[in-house]
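Step one of this worksheet: look at the structure below.
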Amino acid sequence: MTKTAILNHLRDIDREAYIATLFLAEDKREPAAALWAFNNEVERIRDLVSEPLPGEIRLQWWRDALTGERSEEGAQHPVGAALLSTINQYDLPRRAFDALCEARIFDLYNDPMPSLSDFEGYLGETRSVLFQMLAQIVSGKAPETGEAAGHAGIAYGVANLLRLMAFHRARGQIFVPKELLQISGLTSQQFLALEDPSNANGLVQALTSFGRDHLAKAEAAIAALPKEQRGAFILLGICQPVFKRAEKRGGDIALETFSISPFTAQWYLTRYAAII
């Protein structure tokens, strides 16, 4: 896949990440696109398989391809080739990709999220790590952005899970940790069998507040970073409109997915890029 092709591919599969990538310096766009395209590859594995085992095999292939055991095969994959080039060029930590794929095994099963700390750990390994590596790409070195990336990944992850709550619930997945379910007076079984959306109002409020808290902490940490590193966090501009929409709709989002229009997303990301 050529440099232009990976950007076009990202535009087709993740419009918001594509828009955020366009605000980076021209020579950083293709590496960033490779990172987000890889995220899409592993994120959609659950949708491509009918049983967990084939999904685990796909994740293991990515682990082997990116850590060196099957790098030649990885180079034959269009996204794999772009990502391997990015890993080599920017010395990205291969063990982080291994940990990301390991964490994504959770996606393949319907086990409920055990606890709030497990939830934060999952989002840290699957989302925060992407912001950390993107900061390394834009700065050209391993930057001190751990705090910013940690909170950013959780905030962004919560925003995405809010949008997909109904989709996940319909197929039996519970990403919401037990503590937040208990706060809203729901058991895992009651959440999955939900018929009255008003019963999930408290859950949506708790999850949105949790996401907003991490977003505020991320933005405080980002403000202390050098200007050239802040561009790695432009995608956070989509969080506030998602949180607002979720709060407005309340428990309805547990029964019907919602999205942010491309025009609205572009407006918020452009605005965020100007103030970050």
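Within each chain, counting starts at residue 1; across the structure tokens, chains are named A, B, ... in the order shown, with ligands numbered 1 upward in that order.
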
Those in stretch 207-247 of chain A with alpha helix (DSSP H) from DSSP, as a VMD selection string: chain A and resid 207 to 223 227 to 230 239 to 247

Give me the residues near A:Tyr156 as a ChimeraX atom specification, where near means some atom within 12 Å (using only C-alpha atoms) and where sequence neighbours in that chain fewer than 4 positions away do not count. /A:16-17,120,123-124,126-131,148-152,160-163,208,210-216,218,233-243

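Using only C-alpha atoms for every distance, the candidate list A:Arg58, A:Arg11, A:Lys28, A:Arg169 yields A:Arg169 as the residue closest to A:Asp111.
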
Could you state the separation of atom CA of A:Asp196 and atom CA of A:Gln173 in Å, given to one decimal place? 18.4 Å

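Among the candidates A:Tyr90, A:Tyr272, A:Phe97, A:Phe119, the one nearest to A:Gly231 when counting only C-alpha atoms is A:Tyr272.
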